[in-house]
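As stored in work-v3.cif (mmCIF, C-alpha atoms and all ligand atoms):
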data_query
loop_
_atom_site.label_atom_id
_atom_site.label_comp_id
_atom_site.auth_asym_id
_atom_site.auth_seq_id
_atom_site.Cartn_x
_atom_site.Cartn_y
_atom_site.Cartn_z
CA MET A 1033 -35.51 -22.79 28.09
CA LEU A 1034 -39.14 -21.81 27.51
CA VAL A 1035 -40.09 -20.60 24.03
CA THR A 1036 -43.55 -19.11 23.52
CA GLY A 1037 -44.77 -19.42 19.94
CA GLY A 1038 -42.34 -22.30 19.41
CA ALA A 1039 -44.56 -23.95 16.78
CA GLY A 1040 -44.54 -20.78 14.67
CA TYR A 1041 -42.41 -19.99 11.66
CA ILE A 1042 -39.68 -18.10 13.54
CA GLY A 1043 -40.21 -19.88 16.87
CA SER A 1044 -39.53 -23.29 15.36
CA HIS A 1045 -36.19 -22.04 14.01
CA VAL A 1046 -35.36 -20.57 17.43
CA VAL A 1047 -36.22 -23.89 19.11
CA ARG A 1048 -33.98 -25.73 16.67
CA GLU A 1049 -31.08 -23.33 17.29
CA ALA A 1050 -31.55 -23.51 21.07
CA MET A 1051 -31.43 -27.32 20.96
CA ALA A 1052 -28.31 -27.19 18.79
CA ALA A 1053 -26.76 -24.94 21.45
CA GLY A 1054 -27.48 -27.60 24.08
CA HIS A 1055 -30.64 -26.22 25.70
CA SER A 1056 -33.59 -28.44 26.51
CA VAL A 1057 -36.71 -26.68 25.31
CA TRP A 1058 -40.36 -26.39 26.30
CA ALA A 1059 -42.76 -24.54 24.02
CA VAL A 1060 -45.94 -22.67 24.94
CA ASP A 1061 -48.18 -22.58 21.90
CA ASP A 1062 -51.94 -22.72 21.35
CA LEU A 1063 -51.44 -23.52 17.63
CA SER A 1064 -53.61 -20.52 16.66
CA THR A 1065 -51.23 -19.95 13.74
CA GLY A 1066 -48.57 -22.55 14.55
CA VAL A 1067 -48.00 -26.04 13.19
CA GLU A 1068 -47.56 -28.88 15.67
CA ASN A 1069 -45.12 -30.93 13.64
CA ARG A 1070 -42.68 -28.05 13.28
CA LEU A 1071 -41.72 -29.06 16.84
CA ASP A 1072 -39.14 -31.77 17.45
CA SER A 1073 -40.49 -34.73 19.44
CA ALA A 1074 -38.04 -33.88 22.25
CA VAL A 1075 -39.85 -30.57 22.83
CA GLU A 1076 -42.68 -30.57 25.34
CA ARG A 1077 -45.55 -28.38 24.10
CA ILE A 1078 -47.78 -26.64 26.61
CA ASP A 1079 -51.15 -25.95 24.99
CA LEU A 1080 -51.98 -22.56 26.44
CA ASN A 1081 -53.40 -19.29 25.11
CA LEU A 1082 -51.18 -16.72 26.84
CA ALA A 1083 -53.92 -14.11 26.73
CA ALA A 1084 -56.65 -16.32 28.26
CA ALA A 1085 -58.21 -15.38 31.59
CA ASP A 1086 -56.50 -18.26 33.41
CA ALA A 1087 -53.12 -17.92 31.64
CA GLU A 1088 -51.31 -16.07 34.43
CA ALA A 1089 -52.29 -18.71 36.98
CA ARG A 1090 -51.47 -21.63 34.68
CA LEU A 1091 -48.13 -20.16 33.67
CA THR A 1092 -47.21 -19.38 37.25
CA ASP A 1093 -47.93 -22.97 38.16
CA ILE A 1094 -45.77 -24.27 35.29
CA LEU A 1095 -42.89 -21.90 36.06
CA ARG A 1096 -43.06 -22.80 39.73
CA LYS A 1097 -42.74 -26.52 38.95
CA THR A 1098 -40.00 -26.13 36.33
CA LYS A 1099 -37.21 -23.58 36.55
CA PHE A 1100 -36.16 -22.32 33.12
CA ASP A 1101 -32.79 -20.67 32.49
CA ALA A 1102 -34.42 -18.25 30.05
CA VAL A 1103 -37.68 -17.38 28.29
CA ILE A 1104 -38.00 -16.35 24.64
CA HIS A 1105 -41.36 -14.75 23.90
CA LEU A 1106 -42.45 -14.94 20.27
CA ALA A 1107 -46.16 -15.79 20.60
CA ALA A 1108 -48.20 -12.94 19.15
CA ARG A 1109 -50.56 -11.94 16.38
CA LYS A 1110 -48.69 -10.25 13.56
CA GLN A 1111 -51.01 -9.14 10.75
CA VAL A 1112 -50.75 -5.39 10.32
CA GLY A 1113 -54.02 -5.01 8.36
CA GLU A 1114 -55.97 -7.14 10.84
CA SER A 1115 -54.55 -5.07 13.70
CA VAL A 1116 -56.06 -1.94 12.11
CA GLU A 1117 -59.45 -3.67 11.83
CA LYS A 1118 -59.42 -5.29 15.27
CA PRO A 1119 -57.08 -3.22 17.47
CA GLU A 1120 -58.66 -4.40 20.74
CA GLU A 1121 -57.84 -8.01 19.90
CA TYR A 1122 -54.22 -7.08 19.24
CA TYR A 1123 -53.94 -5.17 22.52
CA ARG A 1124 -55.61 -8.04 24.39
CA ASP A 1125 -53.50 -10.79 22.84
CA ASN A 1126 -50.10 -9.15 22.36
CA ILE A 1127 -50.02 -6.85 25.37
CA GLY A 1128 -52.22 -9.02 27.61
CA GLY A 1129 -50.24 -12.15 26.73
CA LEU A 1130 -46.96 -10.47 27.61
CA ALA A 1131 -48.42 -9.05 30.85
CA ASN A 1132 -49.46 -12.57 31.92
CA LEU A 1133 -46.01 -13.90 31.09
CA LEU A 1134 -44.25 -11.13 33.05
CA LEU A 1135 -46.54 -11.60 36.07
CA ALA A 1136 -45.80 -15.33 36.10
CA MET A 1137 -42.06 -14.73 35.67
CA ARG A 1138 -42.02 -12.19 38.48
CA ALA A 1139 -43.95 -14.49 40.82
CA THR A 1140 -41.52 -17.34 40.20
CA ASP A 1141 -38.19 -15.48 40.01
CA HIS A 1142 -37.57 -16.02 36.30
CA ASP A 1143 -35.43 -13.09 35.25
CA THR A 1144 -34.18 -13.59 31.68
CA LEU A 1145 -36.37 -12.70 28.68
CA VAL A 1146 -35.85 -12.18 24.96
CA PHE A 1147 -38.79 -10.54 23.17
CA SER A 1148 -39.79 -10.54 19.48
CA SER A 1149 -40.14 -6.90 18.61
CA SER A 1150 -40.38 -5.52 15.13
CA ALA A 1151 -39.21 -2.88 12.68
CA ALA A 1152 -42.92 -1.95 12.69
CA THR A 1153 -42.10 0.05 15.85
CA TYR A 1154 -40.32 2.59 13.60
CA GLY A 1155 -43.33 3.49 11.44
CA MET A 1156 -42.27 5.53 8.39
CA PRO A 1157 -38.67 6.60 9.13
CA ASP A 1158 -37.23 9.02 6.60
CA VAL A 1159 -33.61 7.86 6.91
CA ASP A 1160 -31.24 5.64 4.93
CA SER A 1161 -30.96 3.14 7.75
CA VAL A 1162 -32.82 3.28 11.03
CA SER A 1163 -31.08 3.02 14.43
CA GLU A 1164 -32.28 2.00 17.86
CA SER A 1165 -31.70 5.60 18.97
CA ASP A 1166 -34.21 6.94 16.40
CA VAL A 1167 -37.56 7.74 17.98
CA PRO A 1168 -40.00 4.88 17.31
CA THR A 1169 -43.35 6.08 15.94
CA PRO A 1170 -45.45 3.05 14.97
CA ILE A 1171 -48.29 3.75 12.54
CA ASN A 1172 -50.57 0.78 13.26
CA PRO A 1173 -51.83 -1.12 16.32
CA TYR A 1174 -49.53 -4.09 15.61
CA GLY A 1175 -46.42 -1.87 15.79
CA GLU A 1176 -47.84 -0.20 18.90
CA THR A 1177 -48.23 -3.54 20.67
CA LYS A 1178 -44.56 -4.24 19.99
CA LEU A 1179 -43.41 -0.85 21.29
CA ILE A 1180 -45.61 -1.13 24.39
CA GLY A 1181 -44.16 -4.63 24.90
CA GLU A 1182 -40.66 -3.13 24.90
CA TRP A 1183 -41.74 -0.56 27.52
CA MET A 1184 -43.25 -3.30 29.70
CA ILE A 1185 -39.97 -5.20 29.61
CA ARG A 1186 -37.91 -2.07 30.27
CA ASN A 1187 -40.09 -1.24 33.30
CA ALA A 1188 -39.77 -4.78 34.64
CA LYS A 1189 -36.07 -4.20 35.28
CA ASN A 1190 -37.36 -2.56 38.47
CA TRP A 1191 -38.09 -6.02 39.89
CA GLY A 1192 -34.95 -7.57 38.43
CA LEU A 1193 -35.91 -8.65 34.91
CA ARG A 1194 -33.12 -8.72 32.35
CA GLY A 1195 -34.64 -8.24 28.91
CA VAL A 1196 -33.54 -7.95 25.31
CA CYS A 1197 -35.97 -6.78 22.63
CA LEU A 1198 -35.01 -7.82 19.11
CA ARG A 1199 -36.50 -5.63 16.42
CA TYR A 1200 -36.74 -8.00 13.49
CA PHE A 1201 -36.69 -6.52 10.01
CA ASN A 1202 -38.10 -8.62 7.11
CA VAL A 1203 -37.69 -12.22 8.13
CA ALA A 1204 -37.62 -14.72 5.28
CA GLY A 1205 -36.10 -17.99 4.06
CA THR A 1206 -36.29 -21.46 5.56
CA GLY A 1207 -33.71 -23.25 7.72
CA ALA A 1208 -34.95 -26.84 7.35
CA THR A 1209 -37.61 -28.86 5.59
CA GLY A 1210 -40.96 -28.52 7.33
CA LEU A 1211 -40.25 -25.14 8.93
CA ALA A 1212 -41.25 -22.87 6.02
CA ASP A 1213 -43.34 -19.75 6.47
CA THR A 1214 -46.77 -20.99 5.43
CA ALA A 1215 -48.71 -17.84 6.27
CA ALA A 1216 -48.18 -16.01 2.94
CA LEU A 1217 -48.32 -12.54 4.51
CA ASN A 1218 -44.94 -11.23 3.33
CA LEU A 1219 -43.54 -10.58 -0.16
CA ILE A 1220 -41.42 -13.74 -0.57
CA PRO A 1221 -43.98 -16.39 0.54
CA ILE A 1222 -46.75 -14.52 -1.28
CA ALA A 1223 -44.75 -14.39 -4.54
CA ILE A 1224 -43.72 -18.06 -4.20
CA GLY A 1225 -47.38 -19.05 -3.71
CA GLN A 1226 -48.38 -17.04 -6.78
CA LEU A 1227 -45.69 -18.65 -8.94
CA ARG A 1228 -46.63 -22.15 -7.80
CA ARG A 1229 -50.26 -21.45 -8.73
CA GLY A 1230 -49.22 -20.14 -12.14
CA GLU A 1231 -50.05 -16.51 -11.20
CA THR A 1232 -47.88 -13.44 -11.71
CA PRO A 1233 -46.24 -11.81 -8.65
CA LYS A 1234 -47.19 -8.18 -8.04
CA VAL A 1235 -45.23 -5.05 -7.18
CA PHE A 1236 -47.30 -2.59 -5.14
CA GLY A 1237 -46.09 0.78 -6.38
CA ASP A 1238 -43.24 1.55 -8.77
CA ASP A 1239 -43.22 5.30 -8.16
CA TYR A 1240 -41.53 5.47 -4.75
CA PRO A 1241 -38.44 7.69 -4.36
CA THR A 1242 -36.07 4.70 -4.68
CA PRO A 1243 -33.71 3.80 -7.57
CA ASP A 1244 -36.16 1.41 -9.30
CA GLY A 1245 -39.33 2.94 -7.82
CA SER A 1246 -40.29 -0.08 -5.68
CA CYS A 1247 -40.08 -0.32 -1.87
CA ILE A 1248 -36.79 -1.31 -0.25
CA ARG A 1249 -36.63 -3.66 2.74
CA ASP A 1250 -33.92 -5.41 4.78
CA TYR A 1251 -34.40 -9.18 4.40
CA VAL A 1252 -32.82 -11.31 7.12
CA HIS A 1253 -32.64 -15.10 6.96
CA VAL A 1254 -34.68 -16.79 9.67
CA SER A 1255 -31.73 -19.03 10.63
CA ASP A 1256 -29.52 -15.98 11.22
CA LEU A 1257 -32.31 -14.43 13.27
CA ALA A 1258 -32.58 -17.60 15.36
CA VAL A 1259 -28.86 -17.37 16.18
CA ALA A 1260 -29.36 -13.76 17.36
CA HIS A 1261 -31.77 -15.05 20.05
CA ILE A 1262 -29.20 -17.43 21.48
CA MET A 1263 -26.58 -14.66 21.45
CA ALA A 1264 -29.05 -12.40 23.27
CA ILE A 1265 -29.56 -15.03 25.98
CA ASP A 1266 -25.79 -15.46 26.39
CA TYR A 1267 -25.48 -11.68 26.64
CA LEU A 1268 -28.20 -11.43 29.31
CA GLN A 1269 -26.60 -14.15 31.37
CA GLN A 1270 -23.51 -12.00 31.89
CA GLU A 1271 -23.26 -9.63 34.88
CA GLU A 1272 -25.15 -6.34 34.98
CA ARG A 1273 -27.27 -6.79 31.89
CA GLU A 1274 -30.68 -5.22 32.46
CA PHE A 1275 -32.37 -4.10 29.29
CA ASP A 1276 -31.47 -3.55 25.68
CA VAL A 1277 -32.97 -3.19 22.21
CA PHE A 1278 -31.31 -4.37 19.02
CA ASN A 1279 -32.19 -4.20 15.34
CA VAL A 1280 -31.84 -7.56 13.60
CA GLY A 1281 -31.25 -7.20 9.89
CA THR A 1282 -28.41 -7.31 7.41
CA GLY A 1283 -27.92 -3.56 7.01
CA THR A 1284 -28.52 -3.94 3.26
CA GLY A 1285 -31.75 -3.23 1.44
CA ALA A 1286 -33.32 -5.00 -1.52
CA SER A 1287 -36.13 -3.60 -3.65
CA VAL A 1288 -39.27 -5.55 -4.54
CA PHE A 1289 -38.03 -5.77 -8.15
CA GLU A 1290 -34.67 -7.14 -6.93
CA VAL A 1291 -36.38 -9.76 -4.75
CA LEU A 1292 -38.58 -10.87 -7.63
CA SER A 1293 -35.61 -11.03 -9.95
CA ALA A 1294 -33.76 -13.30 -7.47
CA LEU A 1295 -36.92 -15.43 -7.35
CA ARG A 1296 -36.97 -15.62 -11.15
CA GLU A 1297 -33.42 -17.05 -10.98
CA ALA A 1298 -34.11 -19.48 -8.13
CA SER A 1299 -37.35 -20.81 -9.58
CA GLY A 1300 -36.27 -20.94 -13.22
CA ILE A 1301 -39.70 -19.46 -14.06
CA ASP A 1302 -39.53 -16.49 -16.36
CA PHE A 1303 -42.06 -13.80 -15.44
CA GLU A 1304 -42.55 -10.04 -15.60
CA PRO A 1305 -44.02 -8.73 -12.34
CA GLU A 1306 -47.37 -6.97 -12.56
CA VAL A 1307 -47.33 -3.41 -11.25
CA ALA A 1308 -50.25 -2.56 -8.95
CA PRO A 1309 -51.03 0.70 -7.08
CA ARG A 1310 -49.21 1.54 -3.82
CA ARG A 1311 -50.66 0.13 -0.58
CA ALA A 1312 -51.37 2.49 2.31
CA GLY A 1313 -48.76 2.62 5.07
CA ASP A 1314 -45.76 1.19 3.19
CA PRO A 1315 -42.60 3.21 3.93
CA PRO A 1316 -40.44 3.60 0.78
CA LYS A 1317 -37.35 2.30 2.57
CA LEU A 1318 -36.86 0.37 5.79
CA VAL A 1319 -33.30 -0.84 6.36
CA ALA A 1320 -31.66 -1.64 9.69
CA ASN A 1321 -28.60 0.08 11.02
CA VAL A 1322 -26.92 -3.00 12.46
CA SER A 1323 -23.88 -1.43 14.17
CA ARG A 1324 -25.29 -1.86 17.65
CA ILE A 1325 -26.03 -5.60 17.45
CA GLN A 1326 -22.65 -6.13 15.76
CA GLN A 1327 -20.74 -4.23 18.42
CA VAL A 1328 -22.60 -5.36 21.53
CA LEU A 1329 -23.70 -8.93 20.71
CA GLY A 1330 -21.12 -9.66 18.00
CA PHE A 1331 -23.96 -10.69 15.67
CA LYS A 1332 -23.66 -10.47 11.91
CA ALA A 1333 -26.09 -12.05 9.46
CA GLU A 1334 -24.30 -14.67 7.38
CA LYS A 1335 -26.85 -15.28 4.65
CA ASN A 1336 -27.72 -13.00 1.73
CA LEU A 1337 -30.79 -12.49 -0.43
CA VAL A 1338 -29.92 -15.37 -2.77
CA ASP A 1339 -29.61 -17.77 0.22
CA ILE A 1340 -32.96 -16.51 1.50
CA ILE A 1341 -34.81 -16.94 -1.78
CA ASP A 1342 -33.16 -20.28 -2.64
CA SER A 1343 -34.07 -21.75 0.75
CA ALA A 1344 -37.63 -20.39 0.62
CA TRP A 1345 -38.15 -21.83 -2.87
CA ASN A 1346 -36.51 -25.21 -2.26
CA LEU A 1347 -37.34 -26.17 1.36
N1 LIG A 1401 -42.40 -12.86 10.42
C1 LIG A 1401 -41.86 -11.65 10.47
O1 LIG A 1401 -41.37 -11.12 9.45
C2 LIG A 1401 -41.79 -10.90 11.78
C3 LIG A 1401 -41.20 -9.62 11.78
C4 LIG A 1401 -41.14 -8.92 12.99
C5 LIG A 1401 -41.60 -9.50 14.16
N2 LIG A 1401 -42.19 -10.73 14.12
C6 LIG A 1401 -42.68 -11.30 15.37
O2 LIG A 1401 -42.11 -12.58 15.56
C7 LIG A 1401 -42.98 -13.41 16.30
C8 LIG A 1401 -43.15 -14.74 15.59
O3 LIG A 1401 -43.65 -14.49 14.28
P1 LIG A 1401 -43.86 -15.66 13.22
O4 LIG A 1401 -43.64 -15.04 11.88
O5 LIG A 1401 -43.11 -16.88 13.60
O6 LIG A 1401 -45.44 -15.88 13.39
P2 LIG A 1401 -46.28 -17.26 13.56
O7 LIG A 1401 -47.71 -16.84 13.47
O8 LIG A 1401 -45.79 -18.28 12.61
O9 LIG A 1401 -45.90 -17.69 15.03
C9 LIG A 1401 -46.59 -17.27 16.20
C10 LIG A 1401 -46.76 -18.51 17.07
O10 LIG A 1401 -47.32 -18.10 18.32
C11 LIG A 1401 -48.48 -18.89 18.61
N3 LIG A 1401 -49.39 -18.00 19.34
C12 LIG A 1401 -49.92 -16.83 18.88
N4 LIG A 1401 -50.67 -16.27 19.83
C13 LIG A 1401 -50.62 -17.08 20.92
C14 LIG A 1401 -51.18 -17.03 22.23
N5 LIG A 1401 -51.98 -16.01 22.60
N6 LIG A 1401 -50.89 -18.03 23.10
C15 LIG A 1401 -50.08 -19.05 22.72
N7 LIG A 1401 -49.53 -19.16 21.51
C16 LIG A 1401 -49.79 -18.18 20.62
C17 LIG A 1401 -49.01 -19.33 17.26
O11 LIG A 1401 -49.78 -20.53 17.33
C18 LIG A 1401 -47.71 -19.52 16.47
O12 LIG A 1401 -47.19 -20.82 16.62
C19 LIG A 1401 -44.26 -12.61 16.49
O13 LIG A 1401 -44.22 -12.01 17.76
C20 LIG A 1401 -44.17 -11.56 15.41
O14 LIG A 1401 -44.88 -10.40 15.75
C21 LIG A 1401 -42.29 -11.45 12.96
#

Since I need it in another form, could you write the structure as structure tokens?
Ligand SMILES: NC(=O)c1ccc[n+]([C@@H]2O[C@H](COP(=O)([O-])OP(=O)(O)OC[C@H]3O[C@@H](n4cnc5c(N)ncnc54)[C@H](O)[C@@H]3O)[C@@H](O)[C@H]2O)c1
Amino acid sequence: MLVTGGAGYIGSHVVREAMAAGHSVWAVDDLSTGVENRLDSAVERIDLNLAAADAEARLTDILRKTKFDAVIHLAARKQVGESVEKPEEYYRDNIGGLANLLLAMRATDHDTLVFSSSAATYGMPDVDSVSESDVPTPINPYGETKLIGEWMIRNAKNWGLRGVCLRYFNVAGTGATGLADTAALNLIPIAIGQLRRGETPKVFGDDYPTPDGSCIRDYVHVSDLAVAHIMAIDYLQQEEREFDVFNVGTGTGASVFEVLSALREASGIDFEPEVAPRRAGDPPKLVANVSRIQQVLGFKAEKNLVDIIDSAWNL
């Protein structure tokens, strides 16, 4: 199996799960945001920027020499704010990188792909829980690159690609020592960093139309998410599977205040969060409707918010 972005936070958990399921794994990763020693020594890392001018040729060469049973494509840039400031770089790297991968797969008859999509494709949905059948309307270039990526994969079924796009909701937690999310871009790693530095975690906005006024998100444990990838590959390897999109979440929302209260418990540090003004572009509520992934893939997240916070704090 080939995993792009295998040295990343989520990719390293996917690699681990794939190896546990008996796959031998190669990783494509330029370490732009990844960490080399997240990868097991049994994993061969190909040092390649997927969006570079020579990437299509290099990938084609690699895929011609080694036949992979499946490809999981996680490598991408993922900072929403940065994508607003530098949209061209996000289109070049996220869309260009995927185009190079698809061209190489097509040229070498690789036909099974799982793609990291995102709840950012939905934008600001005004519903209790959002379904794959709701019209995606991303509100920033990052979310657009993910939606365009889904279209590219859907269109590639014309030459025989079988693709699953997994729309991850808020991924958090840690599955093993050394694999933690070190980027501090999301609520849980940011708040943990603040507590460890003796600072007070912040809540951005307490006047949203939610029960406690703070934003509600669907937090899914990274180890559960990793399992969903392996289930998606198994699904694609059955007859007549061409293209599908699945939400990956728990179906349950937690507010920022609830997350910080679970962190207060896990850390044993007593704190009162500081309330700051709302940030632009935060939907009040973003929770996955998970019926489709449950019914079609048989996937159900096993871990809850306490498991997520405990593992993120302790590992
Ligand atoms: N973390 C989340 O909550 C979340 C939510 C939704 C979707 N996603 C998506 O999941 C994927 C993985 O996210 P993550 O949180 O593990 O991020 P990450 O930054 O930890 O991992 C990305 C990995 O890809 C590598 N990479 C990036 N661009 C590359 C390129 N052009 N060529 C080769 N390697 C490259 C990086 O070095 C890194 O190892 C991304 O596609 C992201 O958009 C993440």

Each residue of chain A with at least one atom at most 6 Å from ligand LIG 1401 (chain A) should appear once, together with its nearest atom pair and the corresponding distance in Å (one decimal); atoms considered: all atoms listed in the file; ordering: chain, then increasing residue number; output as CSV.
residue,atom,partner,partner_atom,distance
A:Gly1037,CA,A:LIG1401,O10,3.3
A:Gly1038,CA,A:LIG1401,O12,5.8
A:Ala1039,CA,A:LIG1401,O12,4.1
A:Gly1040,CA,A:LIG1401,O12,3.3
A:Tyr1041,CA,A:LIG1401,O5,3.7
A:Ile1042,CA,A:LIG1401,O5,3.6
A:Gly1043,CA,A:LIG1401,O5,5.3
A:Val1060,CA,A:LIG1401,C15,5.9
A:Asp1061,CA,A:LIG1401,N7,3.7
A:Asp1062,CA,A:LIG1401,N7,4.3
A:Leu1063,CA,A:LIG1401,O11,3.4
A:Ser1064,CA,A:LIG1401,O11,3.9
A:Thr1065,CA,A:LIG1401,O11,3.9
A:Gly1066,CA,A:LIG1401,O12,3.0
A:Leu1080,CA,A:LIG1401,C15,5.5
A:Asn1081,CA,A:LIG1401,N6,3.5
A:Leu1082,CA,A:LIG1401,N6,4.0
A:Ala1083,CA,A:LIG1401,N5,4.9
A:Leu1106,CA,A:LIG1401,O13,4.2
A:Ala1107,CA,A:LIG1401,O10,3.4
A:Ala1108,CA,A:LIG1401,N4,4.2
A:Arg1109,CA,A:LIG1401,C12,5.5
A:Lys1110,CA,A:LIG1401,O14,4.4
A:Asp1125,CA,A:LIG1401,N5,5.4
A:Gly1129,CA,A:LIG1401,N5,5.9
A:Ser1148,CA,A:LIG1401,O13,5.0
A:Ser1149,CA,A:LIG1401,C5,5.4
A:Ser1150,CA,A:LIG1401,C4,4.1
A:Tyr1200,CA,A:LIG1401,C4,4.5
A:Phe1201,CA,A:LIG1401,C3,5.8
A:Asn1202,CA,A:LIG1401,O1,4.7
A:Val1203,CA,A:LIG1401,O1,4.1

Using only C-alpha atoms, list the residues that have an atom at most 10 Å from (-45.9, -18.4, -13.6), coordinates as in the file, as a list of chain:residue names.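 Taken together, the residues in range are A:Ala1223, A:Ile1224, A:Gln1226, A:Leu1227, A:Arg1228, A:Arg1229, A:Gly1230, A:Glu1231, A:Thr1232, A:Pro1233, A:Arg1296, A:Ser1299, A:Gly1300, A:Ile1301, A:Asp1302, A:Phe1303, A:Glu1304, A:Pro1305.
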
What would the file look like if the residues just selected were written as a tab-separated table (two decimals), in the coordinates of the input with C-alpha atoms?
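Writing the result to out.tsv gives the following:
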chain	number	residue	atom	x	y	z
A	1223	ALA	CA	-44.75	-14.39	-4.54
A	1224	ILE	CA	-43.72	-18.06	-4.20
A	1226	GLN	CA	-48.38	-17.04	-6.78
A	1227	LEU	CA	-45.69	-18.65	-8.94
A	1228	ARG	CA	-46.63	-22.15	-7.80
A	1229	ARG	CA	-50.26	-21.45	-8.73
A	1230	GLY	CA	-49.22	-20.14	-12.14
A	1231	GLU	CA	-50.05	-16.51	-11.20
A	1232	THR	CA	-47.88	-13.44	-11.71
A	1233	PRO	CA	-46.24	-11.81	-8.65
A	1296	ARG	CA	-36.97	-15.62	-11.15
A	1299	SER	CA	-37.35	-20.81	-9.58
A	1300	GLY	CA	-36.27	-20.94	-13.22
A	1301	ILE	CA	-39.70	-19.46	-14.06
A	1302	ASP	CA	-39.53	-16.49	-16.36
A	1303	PHE	CA	-42.06	-13.80	-15.44
A	1304	GLU	CA	-42.55	-10.04	-15.60
A	1305	PRO	CA	-44.02	-8.73	-12.34

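Across the structure, CA of His1105 in chain A and CA of Ser1165 in chain A are spaced 23.1 Å apart.
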
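The coordinates place CA of Ala1216 in chain A at 10.8 Å from CA of Gln1111 in chain A.
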
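Here CA of Ala1312 in chain A is placed at a distance of 16.6 Å from CA of Thr1153 in chain A.
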
Please rebuild range 1157-1162 of chain A with all heavy atoms and give the result as a PDB file, in the frame of the given file.
ATOM      1  N   PRO A1157     -39.871   5.773   8.920  1.00  0.00           N
ATOM      2  CA  PRO A1157     -38.670   6.600   9.130  1.00  0.00           C
ATOM      3  C   PRO A1157     -38.118   7.127   7.807  1.00  0.00           C
ATOM      4  O   PRO A1157     -38.040   6.390   6.832  1.00  0.00           O
ATOM      5  CB  PRO A1157     -37.685   5.604   9.768  1.00  0.00           C
ATOM      6  CG  PRO A1157     -38.129   4.267   9.284  1.00  0.00           C
ATOM      7  CD  PRO A1157     -39.614   4.343   9.073  1.00  0.00           C
ATOM      8  N   ASP A1158     -37.742   8.406   7.824  1.00  0.00           N
ATOM      9  CA  ASP A1158     -37.230   9.020   6.600  1.00  0.00           C
ATOM     10  C   ASP A1158     -35.698   9.088   6.683  1.00  0.00           C
ATOM     11  O   ASP A1158     -35.108  10.153   6.710  1.00  0.00           O
ATOM     12  CB  ASP A1158     -37.852  10.427   6.474  1.00  0.00           C
ATOM     13  CG  ASP A1158     -37.524  11.058   5.138  1.00  0.00           C
ATOM     14  OD1 ASP A1158     -37.069  10.332   4.226  1.00  0.00           O
ATOM     15  OD2 ASP A1158     -37.692  12.289   5.015  1.00  0.00           O
ATOM     16  N   VAL A1159     -35.071   7.919   6.788  1.00  0.00           N
ATOM     17  CA  VAL A1159     -33.610   7.860   6.910  1.00  0.00           C
ATOM     18  C   VAL A1159     -33.101   6.699   6.046  1.00  0.00           C
ATOM     19  O   VAL A1159     -33.870   5.803   5.702  1.00  0.00           O
ATOM     20  CB  VAL A1159     -33.161   7.591   8.384  1.00  0.00           C
ATOM     21  CG1 VAL A1159     -33.367   8.812   9.250  1.00  0.00           C
ATOM     22  CG2 VAL A1159     -33.882   6.394   8.996  1.00  0.00           C
ATOM     23  N   ASP A1160     -31.809   6.718   5.745  1.00  0.00           N
ATOM     24  CA  ASP A1160     -31.240   5.640   4.930  1.00  0.00           C
ATOM     25  C   ASP A1160     -31.248   4.312   5.655  1.00  0.00           C
ATOM     26  O   ASP A1160     -31.542   3.266   5.095  1.00  0.00           O
ATOM     27  CB  ASP A1160     -29.800   5.995   4.542  1.00  0.00           C
ATOM     28  CG  ASP A1160     -29.770   6.548   3.140  1.00  0.00           C
ATOM     29  OD1 ASP A1160     -30.824   6.510   2.483  1.00  0.00           O
ATOM     30  OD2 ASP A1160     -28.695   7.013   2.725  1.00  0.00           O
ATOM     31  N   SER A1161     -30.852   4.351   6.941  1.00  0.00           N
ATOM     32  CA  SER A1161     -30.960   3.140   7.750  1.00  0.00           C
ATOM     33  C   SER A1161     -31.343   3.581   9.163  1.00  0.00           C
ATOM     34  O   SER A1161     -30.854   4.603   9.644  1.00  0.00           O
ATOM     35  CB  SER A1161     -29.665   2.339   7.734  1.00  0.00           C
ATOM     36  OG  SER A1161     -28.676   3.015   8.446  1.00  0.00           O
ATOM     37  N   VAL A1162     -32.213   2.830   9.783  1.00  0.00           N
ATOM     38  CA  VAL A1162     -32.820   3.280  11.030  1.00  0.00           C
ATOM     39  C   VAL A1162     -32.094   2.642  12.222  1.00  0.00           C
ATOM     40  O   VAL A1162     -31.742   1.463  12.194  1.00  0.00           O
ATOM     41  CB  VAL A1162     -34.348   2.995  10.990  1.00  0.00           C
ATOM     42  CG1 VAL A1162     -34.671   1.534  10.990  1.00  0.00           C
ATOM     43  CG2 VAL A1162     -35.073   3.678  12.105  1.00  0.00           C
TER      44      VAL A1162
END
